[in-house]
>>> print(open('query05.txt').read())   # compact mmCIF, C-alpha atoms
# COMPACT_ATOMS: atom_id res chain seq x y z
CA MET A 80 -8.57 109.70 49.56
CA LYS A 81 -10.54 107.63 52.06
CA LYS A 82 -13.62 109.70 51.25
CA TYR A 83 -13.30 108.79 47.57
CA LEU A 84 -12.81 105.08 48.34
CA SER A 85 -15.83 105.11 50.65
CA ALA A 86 -17.93 106.83 47.99
CA ILE A 87 -16.77 104.33 45.34
CA LEU A 88 -17.49 101.39 47.67
CA ILE A 89 -21.00 102.68 48.47
CA LEU A 90 -21.66 103.36 44.79
CA SER A 91 -20.42 99.85 43.88
CA LEU A 92 -22.70 98.25 46.48
CA PHE A 93 -25.65 100.29 45.25
CA ILE A 94 -25.04 99.22 41.63
CA ALA A 95 -24.49 95.57 42.61
CA CYS A 96 -27.69 95.43 44.65
CA GLY A 97 -29.65 97.09 41.90
CA SER A 98 -28.30 94.69 39.24
CA ASN A 99 -30.61 91.88 40.42
CA LYS A 100 -33.49 93.61 38.72
CA SER A 101 -34.39 92.32 35.29
CA ASP A 102 -34.53 94.56 32.27
CA LYS A 103 -37.74 92.76 31.30
CA PRO A 104 -40.99 94.29 32.49
CA ALA A 105 -42.76 92.41 35.26
CA THR A 106 -45.56 90.22 33.93
CA ASP A 107 -48.28 88.28 35.59
CA GLU A 108 -47.66 84.54 35.32
CA THR A 109 -51.07 84.07 33.70
CA ASP A 110 -49.90 86.15 30.75
CA THR A 111 -47.59 83.34 29.62
CA VAL A 112 -49.63 80.27 30.61
CA ALA A 113 -52.04 78.93 28.03
CA ILE A 114 -55.55 78.23 29.25
CA ILE A 115 -56.30 74.54 28.91
CA TYR A 116 -59.90 73.48 28.57
CA SER A 117 -61.31 70.03 29.05
CA TRP A 118 -64.20 68.26 27.39
CA GLU A 119 -67.24 66.70 29.01
CA ALA A 120 -69.62 64.23 27.37
CA THR A 121 -73.31 64.27 28.34
CA LEU A 122 -76.65 63.18 26.92
CA ASN A 123 -79.07 65.93 25.95
CA ASP A 124 -82.24 65.38 28.02
CA THR A 125 -84.49 66.62 25.23
CA THR A 126 -82.98 64.92 22.17
CA GLY A 127 -81.28 61.95 23.82
CA LYS A 128 -78.22 62.70 21.66
CA LEU A 129 -74.61 62.73 22.78
CA GLU A 130 -73.13 66.19 23.34
CA VAL A 131 -69.45 66.87 23.94
CA ASN A 132 -68.84 70.36 25.28
CA LYS A 133 -65.74 72.33 26.10
CA LYS A 134 -65.60 73.15 29.82
CA GLU A 135 -64.06 76.11 31.54
CA PRO A 136 -60.46 75.76 32.71
CA GLY A 137 -59.94 73.19 35.40
CA GLY A 138 -58.78 70.27 33.33
CA PRO A 139 -55.26 68.93 33.03
CA ASP A 140 -52.45 71.37 33.79
CA SER A 141 -50.69 70.64 30.49
CA LEU A 142 -51.42 68.78 27.29
CA THR A 143 -49.12 65.79 27.59
CA PRO A 144 -50.26 62.17 27.54
CA SER A 145 -49.39 61.66 31.21
CA THR A 146 -51.22 64.75 32.48
CA VAL A 147 -54.34 64.22 30.37
CA ILE A 148 -54.49 60.52 31.33
CA ALA A 149 -54.03 61.43 35.00
CA TYR A 150 -56.87 63.96 34.67
CA LEU A 151 -59.15 61.35 33.06
CA ASN A 152 -58.21 58.72 35.64
CA LYS A 153 -59.05 61.11 38.45
CA LYS A 154 -62.46 61.79 36.89
CA ASN A 155 -63.12 58.06 36.32
CA PRO A 156 -61.54 56.10 39.17
CA ALA A 157 -63.28 52.86 38.14
CA VAL A 158 -61.82 52.97 34.60
CA GLN A 159 -58.08 53.60 34.62
CA LEU A 160 -56.21 54.33 31.39
CA GLN A 161 -52.55 53.45 31.00
CA PHE A 162 -50.30 55.06 28.40
CA ILE A 163 -48.68 52.62 25.97
CA LYS A 164 -47.12 54.75 23.22
CA ILE A 165 -47.61 57.33 20.51
CA SER A 166 -47.16 56.37 16.89
CA GLY A 167 -47.76 59.02 14.27
CA ASP A 168 -51.06 60.71 15.08
CA THR A 169 -52.32 57.87 17.28
CA LEU A 170 -52.14 57.58 21.06
CA TYR A 171 -52.24 53.99 22.35
CA VAL A 172 -53.77 53.32 25.77
CA SER A 173 -54.85 50.23 27.66
CA ILE A 174 -57.47 49.60 30.30
CA PRO A 175 -56.03 46.76 32.41
CA ASP A 176 -59.27 46.19 34.35
CA ALA A 177 -62.16 47.01 32.02
CA ASN A 178 -64.86 45.08 33.88
CA TYR A 179 -66.62 48.20 35.16
CA LEU A 180 -66.51 49.79 31.70
CA THR A 181 -67.67 46.73 29.78
CA GLN A 182 -70.11 45.14 32.24
CA GLN A 183 -71.38 47.68 34.76
CA MET A 184 -71.84 51.02 32.97
CA GLY A 185 -74.64 49.87 30.71
CA SER A 186 -74.51 50.79 27.05
CA THR A 187 -74.53 54.59 27.48
CA GLY A 188 -71.74 54.80 30.07
CA PRO A 189 -69.00 53.52 27.75
CA VAL A 190 -70.09 55.90 24.98
CA LEU A 191 -69.80 58.84 27.38
CA PHE A 192 -66.45 57.59 28.70
CA PHE A 193 -64.95 57.09 25.24
CA ALA A 194 -66.27 60.40 23.90
CA GLU A 195 -64.91 62.35 26.84
CA SER A 196 -61.54 60.59 26.79
CA VAL A 197 -61.13 60.88 23.00
CA TYR A 198 -61.94 64.60 23.00
CA ASN A 199 -59.53 65.26 25.87
CA LEU A 200 -56.73 63.08 24.49
CA THR A 201 -57.02 64.56 20.99
CA GLU A 202 -56.43 68.00 22.47
CA ILE A 203 -52.80 66.89 22.75
CA PRO A 204 -50.98 68.47 19.79
CA GLY A 205 -50.51 65.97 16.94
CA ILE A 206 -52.96 63.37 18.30
CA ARG A 207 -55.99 62.59 16.11
CA TYR A 208 -56.77 59.00 17.07
CA VAL A 209 -56.86 56.95 20.28
CA LYS A 210 -56.42 53.17 20.20
CA TYR A 211 -57.94 51.45 23.22
CA THR A 212 -56.76 47.98 24.25
CA PHE A 213 -58.77 46.03 26.83
CA GLU A 214 -60.69 42.82 27.27
CA GLU A 215 -63.97 43.03 25.35
CA GLY A 216 -67.21 42.84 27.30
CA ASP A 217 -70.95 43.12 26.76
CA HIS A 218 -71.05 46.92 26.39
CA ALA A 219 -67.64 47.88 24.98
CA GLN A 220 -64.93 46.50 22.74
CA PRO A 221 -61.41 47.68 21.84
CA ASP A 222 -61.28 50.12 18.95
CA VAL A 223 -59.48 53.05 17.37
CA LEU A 224 -61.56 56.19 17.84
CA ASN A 225 -61.43 59.84 16.88
CA ARG A 226 -63.80 62.77 17.30
CA ASP A 227 -65.76 61.77 14.21
CA SER A 228 -66.57 58.46 15.90
CA PHE A 229 -69.17 60.30 18.00
CA LYS A 230 -71.03 62.21 15.29
CA ASP A 231 -74.79 61.58 15.24
CA GLN A 232 -74.87 59.56 18.47
>>> encode(input="query05.txt", output="structure tokens")
Amino acid sequence: MKKYLSAILILSLFIACGSNKSDKPATDETDTVAIIYSWEATLNDTTGKLEVNKKEPGGPDSLTPSTVIAYLNKKNPAVQLQFIKISGDTLYVSIPDANYLTQQMGSTGPVLFFAESVYNLTEIPGIRYVKYTFEEGDHAQPDVLNRDSFKDQ
């Protein structure tokens, strides 16, 4: 009888230890993670026109307002965006200290900044417009922008 109990106990332990395995096949984590691209605004040296191009992965780790804004703020430490709210298809942001943007980047710098930030922020699902609030300066003023705002520039 003890032999049967020992065999049952060993069999029970074997089944219990083996039950931690999932019935689902093992998958690489990259199979389930979406690749998130970022956008970069530049001037074409030949034409002098604005170009906004999709970059390889390496942008924000998710497409939420806080992660995209953190990504943009890291890229542009002198121009810090702050999230205000989302209303409909519009994301509202402020730039509490816009002096560098409006006075020190010339006229091309703000165009590049706004193009890059609009393209990245409108990657967030449901966002089509970005409303910027800041103190107007010589080279930039508050506005509501979308991707079409940068056509033919």
>>> closest_residue(input="query05.txt", among="A:Ser173, A:Ser166, A:Gln183, A:Ser228", to="Ile206 in chain A", atoms="all atoms listed in the file")
A:Ser166
>>> closest_residue(input="query05.txt", among="A:Leu170, A:Met184, A:Val131, A:Leu142", to="Val158 in chain A", atoms="all atoms listed in the file")
A:Met184
>>> axis_aligned_box(input="query05.txt", around="range 143-158 of chain A", padding_each_side="8 Å", output="AutoDock Vina command-line options")
--center_x -56.2 --center_y 59.3 --center_z 33.4 --size_x 30.2 --size_y 28.9 --size_z 27.6
>>> atom_distance(input="query05.txt", atom1="CA of Asn199 in chain A", atom2="CA of Lys133 in chain A")
9.4 Å
>>> closest_residue(input="query05.txt", among="A:Thr169, A:Asn152, A:Gln182, A:Ser141", to="Asp217 in chain A", atoms="only C-alpha atoms")
A:Gln182
>>> residues_around(input="query05.txt", residues="Leu180 in chain A", least_positions_apart="5", cutoff="9 Å", atoms="all atoms listed in the file", output="ChimeraX atom specification")
/A:157-158,185,188-189,192,216,218-219
>>> write_last_selection(input="query05.txt", atoms="C-alpha atoms", output="PDB file, keeping the file's coordinate frame")
ATOM      1  CA  ALA A 157     -63.280  52.860  38.140  1.00  0.00           C
ATOM      2  CA  VAL A 158     -61.820  52.970  34.600  1.00  0.00           C
ATOM      3  CA  GLY A 185     -74.640  49.870  30.710  1.00  0.00           C
ATOM      4  CA  GLY A 188     -71.740  54.800  30.070  1.00  0.00           C
ATOM      5  CA  PRO A 189     -69.000  53.520  27.750  1.00  0.00           C
ATOM      6  CA  PHE A 192     -66.450  57.590  28.700  1.00  0.00           C
ATOM      7  CA  GLY A 216     -67.210  42.840  27.300  1.00  0.00           C
ATOM      8  CA  HIS A 218     -71.050  46.920  26.390  1.00  0.00           C
ATOM      9  CA  ALA A 219     -67.640  47.880  24.980  1.00  0.00           C
TER      10      ALA A 219
END
